[in-house]
Number of protein chains: 4
Amino acid sequence: MTDKANDRKALEGAAGVLPGVEGLAIGKRRLLEAAVVAVAERGYHGVSVRDLASDTGVQAASFYAHFGSKEELLYELCLLGHREHHRCVRDAILGAGADAREQLRAAIRANIWFHATYPLLTISANSELHALNAEHLATIADLRHDAGTLLTAVVERGNSEGVFDCPEPWLPMSAVGGMCLRVAWWFRPAVAVDEGTLSAYPRQAATWLRPEDYTIERVMDTYADYALKIFGAA
Amino acid sequence: MTDKANDRKALEGAAGVLPGVEGLAIGKRRLLEAAVVAVAERGYHGVSVRDLASDTGVQAASFYAHFGSKEELLYELCLLGHREHHRCVRDAILGAGADAREQLRAAIRANIWFHATYPLLTISANSELHALNAEHLATIADLRHDAGTLLTAVVERGNSEGVFDCPEPWLPMSAVGGMCLRVAWWFRPAVAVDEGTLSAYPRQAATWLRPEDYTIERVMDTYADYALKIFGAA
Amino acid sequence: MTDKANDRKALEGAAGVLPGVEGLAIGKRRLLEAAVVAVAERGYHGVSVRDLASDTGVQAASFYAHFGSKEELLYELCLLGHREHHRCVRDAILGAGADAREQLRAAIRANIWFHATYPLLTISANSELHALNAEHLATIADLRHDAGTLLTAVVERGNSEGVFDCPEPWLPMSAVGGMCLRVAWWFRPAVAVDEGTLSAYPRQAATWLRPEDYTIERVMDTYADYALKIFGAA
Amino acid sequence: MTDKANDRKALEGAAGVLPGVEGLAIGKRRLLEAAVVAVAERGYHGVSVRDLASDTGVQAASFYAHFGSKEELLYELCLLGHREHHRCVRDAILGAGADAREQLRAAIRANIWFHATYPLLTISANSELHALNAEHLATIADLRHDAGTLLTAVVERGNSEGVFDCPEPWLPMSAVGGMCLRVAWWFRPAVAVDEGTLSAYPRQAATWLRPEDYTIERVMDTYADYALKIFGAA
DNA sequence: CATGAATGAGCCTTCATTCAT
DNA sequence: CATGAATGAAGGCTCATTCAT
């Protein structure tokens, strides 16, 4: 393989790590993909604009043709992560029929599917909020709140219909939320393992990887069972 | 309140956020306390040596009378976090009697007690490992491995004695581990709330705080119940 | 004279102190010229990047648009000094005819011409090698070795043809080498004296200056005679 | 050999590099010896007070029990170097009889003996004058001037007696001075080579070392012959 | 004497960002 | 769009020096 091909491979090594970027200009998309890889591994302040430009094969100044500032890039990443995650969970619940247990199961499965498929985005969009400015942080906080209300509604309906048994839903929700969120820190999607592009993923997390044991489906099913137990499903 | 009193208050505002620092020189201890507060909020690369010195009331150069480098400070923080956590869980298991269920319950309770009492240390020691150098990272990785073996032993013994039902323990352990770890991101110890020193804690997490509802005891009990369910306790 | 004119004068005060810099970008060239002046006077470690930037009229950060590091600047200076010196001596020998005595005389004359015309470069490129990294030092050492072989060849040929009388050439070569090298520490080119830009030259050396007495030609001739005597020329 | 013995060896590794330090307090003497080694290799600004303290086995603060400042240490080194050198050459001339040729020969021999026996002191006391403050520099400049007058007198007397032929003595003196001074950069005393303490000497110079070929005596004789030729001795 | 901790200035270098080309 | 050069601020760290112990 020529050097040039090698370079191209490197630049495209992060393709697929982000959902919902098909419509974006290629330059902007590559910067976002490089960013989610680097930020998930080293944190927002551990990544420089020069790093991202270098990973994308351009000069640092070109960064500003696509983003007004470094913070704005992070904001777009957080926005993307929260929006796609919300859409994913919402669609799952709405398509799950009327039984609250089935709705909960669908929500947990979708939640895990997202975290396991886009772990770098999950990490970045949840761990680096401190670096957003006040206005952007407020917008993201609103998104998080909205996402919570939907699942709360499912649980409350399940309670009132008698299929769940958790009069005070906040504690079980925190447990299930933490359990599902954490998947992003140890699961790596099969595509990363199969195609050998695992290098795009933080090395630290790689030590936790168990690709030979668990498919996404398996984790989704198992965790959904745990969640139903925690909510005291009938 | 005079300015001087105000300053002293500020410098001591972080007292109590770290376990096992009683024997340390006061200057070193204050730097560690300032660091765990700042790092938990903004990440390792978001905190400068000048920040820490300023929070401690000394010049940046004085930092190097206590630590060989900024990375070494992080290493000491990670070491402290992992060692104290391990000691805490180990002592709980060893003092819990012979029943595997009681051992598991004690382990989960201790785990949560630690994360809820020292959330900033938990966050720092678990989220910033990427900033350690290779040698230090290896040492911490060893510590993490050792910590895992103890709980694994409890679960396997519970399985062979028929009081647990989880032939493949890795998945439930990941779920319970994630659930308990995440407590550090939303729970804030009562002392922080009562004494108004909440400012020492990351603002972002404050939005999740539910101090009026849950004591540490309550969370420990509830999560232990969840864990026993997940492990299929008889 | 206006301040502006004064500033421009200051910035250009070092023009002419370096050979072979015509093709370089102006910013890089000025930094090299400022560096050779400052390093010859105060030594590599006595000169800061801020000093050089200030002498050149730019910010310290701009230095790194032209050089990867301070050490790299020194390396370029050493490379320049050794290459130009070697070229100078080599061309003189090759253009001197077949008589070994004429070749030696030409070599000594060229050697002194270079040291007297570019004394600051000679000092910098010969006195600060300790500050080069291992790789760069090795490269320069190779250059020095190559430069020595040419003169050795002249002496050996003179010996075998019976026009020189020094069976063990190393000792006379060390004497002549030291004698010629040292010229850079006391001779200052006439241009420096006439145009009053002597301030570009180290003050210490200025106490040795004898510009009213000796032209470069005079020193070249006299030292060449000394050298021929030392080598026992027929 | 025990570690302790090893350390002591290291601390004493520089013994003998300085003349005239027998009467000094041991702490001060060791600092001077460590300094001449380090300064000759890396230059005044390349050596820190901490370096010297560390080489001597004490803390940096202890340095100030012996010297008022770092500059004062350099001054003492320069003073030592120039005084001992002057005494050495003067005694040689005065003990050489009435013949100007014998006086010159003795002066050159003494000069080289000093540079070859204390090369690190020669380098330090001649290359780092720029780092002295104005007052100290003036004192040293006076010393240098005095040293020159003695040799000038010898040459002038030789001229008027008809045994030398150099009506304008400055140029031959510059040549001989440079030739002799430079010995300090390539000759290393046999003691250093024999006892394996060569590590106390700058590495760069070591590449020039020819210990197997030349004794000090040999260099003294040979260079004295060169000098007599240069001065046109009858 | 020796020390550990402290200091303010300064070190080399990188930061995010701008702008003329 | 992309770039190379520039900028002022800030980064981690070392400097020579001081001082109470």
# chains A, B, ... in the order shown; residues from 1 in each chain; ligands from 1
$ interface_residues --of "chain A" --to "chain B" --cutoff "6 Å" --atoms "only C-alpha atoms" --output "VMD selection string"
chain A and resid 45 to 46 175 178 to 179 182 226 230
$ interface_residues --of "chain F" --to "chain B" --cutoff "10 Å" --atoms "only C-alpha atoms (C1' of nucleotides)" --output "PDB file with all heavy atoms, in the first residue's frame"
ATOM      1  P    DA F  10      -4.563  34.890  29.986  1.00  0.00           P
ATOM      2  OP1  DA F  10      -5.976  34.792  30.355  1.00  0.00           O
ATOM      3  OP2  DA F  10      -3.639  35.809  30.683  1.00  0.00           O
ATOM      4  O5'  DA F  10      -3.935  33.428  30.050  1.00  0.00           O
ATOM      5  C5'  DA F  10      -4.491  32.411  29.230  1.00  0.00           C
ATOM      6  C4'  DA F  10      -3.500  31.286  29.122  1.00  0.00           C
ATOM      7  O4'  DA F  10      -2.348  31.711  28.373  1.00  0.00           O
ATOM      8  C3'  DA F  10      -2.948  30.816  30.474  1.00  0.00           C
ATOM      9  O3'  DA F  10      -3.531  29.557  30.773  1.00  0.00           O
ATOM     10  C2'  DA F  10      -1.437  30.697  30.249  1.00  0.00           C
ATOM     11  C1'  DA F  10      -1.291  30.878  28.748  1.00  0.00           C
ATOM     12  N9   DA F  10      -0.038  31.530  28.358  1.00  0.00           N
ATOM     13  C8   DA F  10       0.377  32.795  28.685  1.00  0.00           C
ATOM     14  N7   DA F  10       1.557  33.105  28.192  1.00  0.00           N
ATOM     15  C5   DA F  10       1.938  31.966  27.510  1.00  0.00           C
ATOM     16  C6   DA F  10       3.092  31.643  26.762  1.00  0.00           C
ATOM     17  N6   DA F  10       4.101  32.489  26.583  1.00  0.00           N
ATOM     18  N1   DA F  10       3.150  30.415  26.204  1.00  0.00           N
ATOM     19  C2   DA F  10       2.124  29.581  26.392  1.00  0.00           C
ATOM     20  N3   DA F  10       0.998  29.763  27.061  1.00  0.00           N
ATOM     21  C4   DA F  10       0.964  30.990  27.599  1.00  0.00           C
ATOM     22  P    DG F  11      -3.136  28.741  32.008  1.00  0.00           P
ATOM     23  OP1  DG F  11      -4.369  28.016  32.356  1.00  0.00           O
ATOM     24  OP2  DG F  11      -2.433  29.575  32.992  1.00  0.00           O
ATOM     25  O5'  DG F  11      -2.096  27.695  31.407  1.00  0.00           O
ATOM     26  C5'  DG F  11      -2.554  26.743  30.453  1.00  0.00           C
ATOM     27  C4'  DG F  11      -1.376  25.913  29.981  1.00  0.00           C
ATOM     28  O4'  DG F  11      -0.538  26.736  29.162  1.00  0.00           O
ATOM     29  C3'  DG F  11      -0.453  25.420  31.090  1.00  0.00           C
ATOM     30  O3'  DG F  11      -0.936  24.175  31.547  1.00  0.00           O
ATOM     31  C2'  DG F  11       0.867  25.227  30.351  1.00  0.00           C
ATOM     32  C1'  DG F  11       0.807  26.310  29.273  1.00  0.00           C
ATOM     33  N9   DG F  11       1.586  27.493  29.564  1.00  0.00           N
ATOM     34  C8   DG F  11       1.165  28.627  30.194  1.00  0.00           C
ATOM     35  N7   DG F  11       2.087  29.535  30.283  1.00  0.00           N
ATOM     36  C5   DG F  11       3.181  28.962  29.682  1.00  0.00           C
ATOM     37  C6   DG F  11       4.484  29.465  29.470  1.00  0.00           C
ATOM     38  O6   DG F  11       4.937  30.566  29.799  1.00  0.00           O
ATOM     39  N1   DG F  11       5.299  28.546  28.826  1.00  0.00           N
ATOM     40  C2   DG F  11       4.908  27.302  28.424  1.00  0.00           C
ATOM     41  N2   DG F  11       5.818  26.554  27.825  1.00  0.00           N
ATOM     42  N3   DG F  11       3.697  26.821  28.609  1.00  0.00           N
ATOM     43  C4   DG F  11       2.884  27.694  29.240  1.00  0.00           C
ATOM     44  P    DG F  12      -0.541  23.707  33.004  1.00  0.00           P
ATOM     45  OP1  DG F  12      -1.451  22.594  33.311  1.00  0.00           O
ATOM     46  OP2  DG F  12      -0.465  24.875  33.897  1.00  0.00           O
ATOM     47  O5'  DG F  12       0.935  23.146  32.798  1.00  0.00           O
ATOM     48  C5'  DG F  12       1.160  22.031  31.958  1.00  0.00           C
ATOM     49  C4'  DG F  12       2.641  21.732  31.906  1.00  0.00           C
ATOM     50  O4'  DG F  12       3.333  22.917  31.453  1.00  0.00           O
ATOM     51  C3'  DG F  12       3.267  21.371  33.249  1.00  0.00           C
ATOM     52  O3'  DG F  12       4.266  20.372  33.041  1.00  0.00           O
ATOM     53  C2'  DG F  12       3.876  22.686  33.729  1.00  0.00           C
ATOM     54  C1'  DG F  12       4.282  23.323  32.410  1.00  0.00           C
ATOM     55  N9   DG F  12       4.268  24.790  32.496  1.00  0.00           N
ATOM     56  C8   DG F  12       3.261  25.572  33.002  1.00  0.00           C
ATOM     57  N7   DG F  12       3.538  26.853  32.971  1.00  0.00           N
ATOM     58  C5   DG F  12       4.801  26.914  32.416  1.00  0.00           C
ATOM     59  C6   DG F  12       5.625  28.038  32.146  1.00  0.00           C
ATOM     60  O6   DG F  12       5.386  29.232  32.343  1.00  0.00           O
ATOM     61  N1   DG F  12       6.843  27.655  31.582  1.00  0.00           N
ATOM     62  C2   DG F  12       7.206  26.360  31.315  1.00  0.00           C
ATOM     63  N2   DG F  12       8.424  26.176  30.778  1.00  0.00           N
ATOM     64  N3   DG F  12       6.451  25.301  31.563  1.00  0.00           N
ATOM     65  C4   DG F  12       5.264  25.651  32.116  1.00  0.00           C
ATOM     66  P    DC F  13       5.058  19.719  34.271  1.00  0.00           P
ATOM     67  OP1  DC F  13       5.536  18.400  33.845  1.00  0.00           O
ATOM     68  OP2  DC F  13       4.238  19.862  35.486  1.00  0.00           O
ATOM     69  O5'  DC F  13       6.326  20.653  34.408  1.00  0.00           O
ATOM     70  C5'  DC F  13       7.196  20.820  33.288  1.00  0.00           C
ATOM     71  C4'  DC F  13       8.217  21.903  33.583  1.00  0.00           C
ATOM     72  O4'  DC F  13       7.553  23.173  33.691  1.00  0.00           O
ATOM     73  C3'  DC F  13       8.960  21.743  34.905  1.00  0.00           C
ATOM     74  O3'  DC F  13      10.264  21.267  34.611  1.00  0.00           O
ATOM     75  C2'  DC F  13       8.984  23.150  35.516  1.00  0.00           C
ATOM     76  C1'  DC F  13       8.426  24.015  34.394  1.00  0.00           C
ATOM     77  N1   DC F  13       7.652  25.215  34.830  1.00  0.00           N
ATOM     78  C2   DC F  13       8.196  26.480  34.631  1.00  0.00           C
ATOM     79  O2   DC F  13       9.310  26.572  34.107  1.00  0.00           O
ATOM     80  N3   DC F  13       7.495  27.581  35.019  1.00  0.00           N
ATOM     81  C4   DC F  13       6.299  27.436  35.586  1.00  0.00           C
ATOM     82  N4   DC F  13       5.641  28.542  35.946  1.00  0.00           N
ATOM     83  C5   DC F  13       5.724  26.144  35.798  1.00  0.00           C
ATOM     84  C6   DC F  13       6.425  25.058  35.421  1.00  0.00           C
ATOM     85  P    DT F  14      11.357  21.075  35.725  1.00  0.00           P
ATOM     86  OP1  DT F  14      12.233  19.990  35.266  1.00  0.00           O
ATOM     87  OP2  DT F  14      10.700  21.024  37.045  1.00  0.00           O
ATOM     88  O5'  DT F  14      12.194  22.436  35.680  1.00  0.00           O
ATOM     89  C5'  DT F  14      12.698  22.885  34.433  1.00  0.00           C
ATOM     90  C4'  DT F  14      13.550  24.120  34.659  1.00  0.00           C
ATOM     91  O4'  DT F  14      12.705  25.256  34.940  1.00  0.00           O
ATOM     92  C3'  DT F  14      14.524  24.013  35.829  1.00  0.00           C
ATOM     93  O3'  DT F  14      15.768  24.560  35.371  1.00  0.00           O
ATOM     94  C2'  DT F  14      13.880  24.852  36.926  1.00  0.00           C
ATOM     95  C1'  DT F  14      13.167  25.915  36.102  1.00  0.00           C
ATOM     96  N1   DT F  14      11.977  26.528  36.735  1.00  0.00           N
ATOM     97  C2   DT F  14      11.866  27.896  36.753  1.00  0.00           C
ATOM     98  O2   DT F  14      12.704  28.628  36.275  1.00  0.00           O
ATOM     99  N3   DT F  14      10.713  28.375  37.338  1.00  0.00           N
ATOM    100  C4   DT F  14       9.703  27.632  37.904  1.00  0.00           C
ATOM    101  O4   DT F  14       8.715  28.171  38.400  1.00  0.00           O
ATOM    102  C5   DT F  14       9.889  26.194  37.860  1.00  0.00           C
ATOM    103  C7   DT F  14       8.851  25.301  38.444  1.00  0.00           C
ATOM    104  C6   DT F  14      10.995  25.729  37.290  1.00  0.00           C
TER     105       DT F  14
END
$ select_by_dssp --residues "segment 17-220 of chain C" --states "helix (DSSP H, G or I)" --output "ChimeraX atom specification"
/C:26-42,44-46,49-56,60-65,70-94,100-117,119-127,129-131,134-160,170-181,183-186,190-194,198-200,203-206,216-220
$ write_last_selection --atoms "C-alpha atoms" --output "tab-separated table (two decimals), in the first residue's frame"
chain	number	residue	atom	x	y	z
C	26	ILE	CA	13.15	37.30	5.39
C	27	GLY	CA	11.68	36.40	8.79
C	28	LYS	CA	13.81	33.31	9.12
C	29	ARG	CA	16.92	35.13	7.92
C	30	ARG	CA	16.53	37.92	10.47
C	31	LEU	CA	16.13	35.44	13.26
C	32	LEU	CA	19.31	33.65	12.21
C	33	GLU	CA	21.20	36.92	12.02
C	34	ALA	CA	19.95	38.07	15.41
C	35	ALA	CA	20.83	34.66	16.81
C	36	VAL	CA	24.40	34.55	15.60
C	37	VAL	CA	25.07	37.95	17.13
C	38	ALA	CA	23.53	37.09	20.48
C	39	VAL	CA	24.86	33.54	20.72
C	40	ALA	CA	28.40	34.56	19.89
C	41	GLU	CA	28.27	37.08	22.72
C	42	ARG	CA	26.35	35.32	25.48
C	44	TYR	CA	23.29	29.53	23.49
C	45	HIS	CA	21.84	29.30	26.98
C	46	GLY	CA	22.36	32.99	27.56
C	49	VAL	CA	13.74	32.91	22.22
C	50	ARG	CA	12.15	36.11	23.51
C	51	ASP	CA	15.46	37.92	23.03
C	52	LEU	CA	15.69	36.80	19.44
C	53	ALA	CA	12.08	37.66	18.71
C	54	SER	CA	12.50	41.06	20.30
C	55	ASP	CA	15.67	41.74	18.28
C	56	THR	CA	13.74	40.81	15.15
C	60	ALA	CA	8.16	35.03	20.68
C	61	ALA	CA	5.46	32.75	19.33
C	62	SER	CA	6.33	33.76	15.77
C	63	PHE	CA	9.73	32.18	16.23
C	64	TYR	CA	8.04	28.81	15.92
C	65	ALA	CA	6.67	29.61	12.49
C	70	LYS	CA	15.42	26.75	19.73
C	71	GLU	CA	17.84	23.85	19.34
C	72	GLU	CA	16.90	23.56	15.68
C	73	LEU	CA	17.92	27.16	15.13
C	74	LEU	CA	21.32	26.42	16.63
C	75	TYR	CA	21.59	23.37	14.41
C	76	GLU	CA	20.89	25.44	11.31
C	77	LEU	CA	23.53	27.90	12.45
C	78	CYS	CA	26.09	25.13	12.95
C	79	LEU	CA	25.19	23.55	9.64
C	80	LEU	CA	25.52	26.89	7.87
C	81	GLY	CA	28.83	27.65	9.53
C	82	HIS	CA	30.41	24.32	8.77
C	83	ARG	CA	29.08	24.02	5.22
C	84	GLU	CA	30.07	27.49	4.11
C	85	HIS	CA	33.46	27.16	5.75
C	86	HIS	CA	34.08	23.83	4.10
C	87	ARG	CA	33.02	25.09	0.71
C	88	CYS	CA	35.26	28.11	1.11
C	89	VAL	CA	38.38	26.12	1.98
C	90	ARG	CA	37.71	23.39	-0.56
C	91	ASP	CA	37.28	25.83	-3.45
C	92	ALA	CA	40.48	27.60	-2.46
C	93	ILE	CA	42.49	24.39	-2.45
C	94	LEU	CA	41.01	23.18	-5.74
C	100	ALA	CA	51.21	21.50	-2.20
C	101	ARG	CA	52.73	24.68	-0.76
C	102	GLU	CA	50.37	26.80	-2.83
C	103	GLN	CA	47.48	24.57	-1.82
C	104	LEU	CA	48.33	24.95	1.84
C	105	ARG	CA	48.74	28.69	1.51
C	106	ALA	CA	45.36	28.94	-0.24
C	107	ALA	CA	43.71	26.80	2.43
C	108	ILE	CA	45.07	28.89	5.28
C	109	ARG	CA	44.13	32.10	3.53
C	110	ALA	CA	40.59	30.91	2.89
C	111	ASN	CA	40.29	29.64	6.43
C	112	ILE	CA	41.27	33.00	7.85
C	113	TRP	CA	39.18	34.90	5.37
C	114	PHE	CA	36.13	33.01	6.57
C	115	HIS	CA	36.89	33.40	10.27
C	116	ALA	CA	37.64	37.10	9.86
C	117	THR	CA	34.64	37.79	7.66
C	119	PRO	CA	33.59	35.70	13.16
C	120	LEU	CA	30.25	35.48	14.94
C	121	LEU	CA	29.25	32.45	12.92
C	122	THR	CA	32.61	30.85	13.58
C	123	ILE	CA	32.25	31.37	17.32
C	124	SER	CA	28.67	30.14	17.44
C	125	ALA	CA	29.22	27.10	15.25
C	126	ASN	CA	32.30	26.00	17.18
C	127	SER	CA	31.53	26.88	20.79
C	129	LEU	CA	27.98	22.21	19.99
C	130	HIS	CA	27.25	20.95	23.49
C	131	ALA	CA	23.73	22.31	23.16
C	134	ALA	CA	22.70	13.70	19.87
C	135	GLU	CA	21.51	13.31	16.30
C	136	HIS	CA	22.39	16.83	15.22
C	137	LEU	CA	25.72	16.65	16.98
C	138	ALA	CA	26.56	13.50	15.06
C	139	THR	CA	25.77	15.20	11.77
C	140	ILE	CA	28.00	18.15	12.60
C	141	ALA	CA	30.76	15.84	13.80
C	142	ASP	CA	30.66	14.11	10.41
C	143	LEU	CA	31.00	17.45	8.68
C	144	ARG	CA	34.01	18.35	10.82
C	145	HIS	CA	35.63	15.05	10.04
C	146	ASP	CA	35.16	15.51	6.32
C	147	ALA	CA	36.64	18.98	6.48
C	148	GLY	CA	39.74	17.61	8.16
C	149	THR	CA	40.45	14.93	5.55
C	150	LEU	CA	40.97	17.44	2.76
C	151	LEU	CA	43.70	19.37	4.53
C	152	THR	CA	45.31	16.16	5.73
C	153	ALA	CA	45.55	15.04	2.13
C	154	VAL	CA	47.35	18.23	1.14
C	155	VAL	CA	49.86	17.82	3.95
C	156	GLU	CA	50.49	14.14	3.21
C	157	ARG	CA	51.04	14.87	-0.44
C	158	GLY	CA	53.41	17.70	0.45
C	159	ASN	CA	55.30	15.32	2.68
C	160	SER	CA	55.64	12.61	0.09
C	170	TRP	CA	48.56	15.98	13.70
C	171	LEU	CA	50.50	18.27	16.02
C	172	PRO	CA	51.28	21.00	13.46
C	173	MET	CA	47.73	20.78	12.22
C	174	SER	CA	46.37	21.33	15.71
C	175	ALA	CA	48.65	24.34	16.11
C	176	VAL	CA	47.72	25.91	12.78
C	177	GLY	CA	44.05	25.07	13.29
C	178	GLY	CA	43.96	26.72	16.69
C	179	MET	CA	45.86	29.76	15.48
C	180	CYS	CA	43.48	30.32	12.57
C	181	LEU	CA	40.29	29.54	14.46
C	183	VAL	CA	41.18	34.87	14.62
C	184	ALA	CA	37.40	34.92	14.95
C	185	TRP	CA	37.79	36.05	18.55
C	186	TRP	CA	39.85	39.16	17.89
C	190	ALA	CA	36.16	46.42	8.33
C	191	VAL	CA	32.52	46.82	7.39
C	192	ALA	CA	31.60	46.49	11.04
C	193	VAL	CA	34.05	49.17	12.03
C	194	ASP	CA	33.42	51.60	9.19
C	198	LEU	CA	30.22	47.22	15.77
C	199	SER	CA	27.48	46.96	18.37
C	200	ALA	CA	26.42	43.79	16.63
C	203	ARG	CA	31.81	43.60	23.54
C	204	GLN	CA	34.42	41.35	25.06
C	205	ALA	CA	36.11	40.71	21.75
C	206	ALA	CA	36.06	44.38	20.90
C	216	ILE	CA	42.07	40.83	6.23
C	217	GLU	CA	44.66	40.47	3.46
C	218	ARG	CA	47.49	41.28	5.82
C	219	VAL	CA	46.37	38.67	8.37
C	220	MET	CA	45.85	36.08	5.66
$ closest_atom_pairs --of "chain E" --to "chain A" --cutoff "9 Å" --atoms "only C-alpha atoms (C1' of nucleotides)" --output "CSV"
residue,atom,partner,partner_atom,distance
E:DC15,C1',A:Ser48,CA,7.7
E:DA16,C1',A:Val49,CA,7.4
E:DT17,C1',A:Ser69,CA,8.4
E:DT18,C1',A:Ala61,CA,8.8
$ closest_atom_pairs --of "chain F" --to "segment 4-10 of chain E" --cutoff "9 Å" --atoms "only C-alpha atoms (C1' of nucleotides)" --output "Markdown table"
| residue | atom | partner | partner_atom | distance |
| --- | --- | --- | --- | --- |
| F:DT14 | C1' | E:DG10 | C1' | 8.6 |
| F:DC15 | C1' | E:DG10 | C1' | 7.0 |
| F:DT17 | C1' | E:DT7 | C1' | 8.6 |
| F:DT18 | C1' | E:DT7 | C1' | 8.2 |
| F:DC19 | C1' | E:DA6 | C1' | 8.8 |
$ atom_distance --atom1 "atom CA of Asp99 of chain A" --atom2 "atom CA of Thr215 of chain A"
26.4 Å
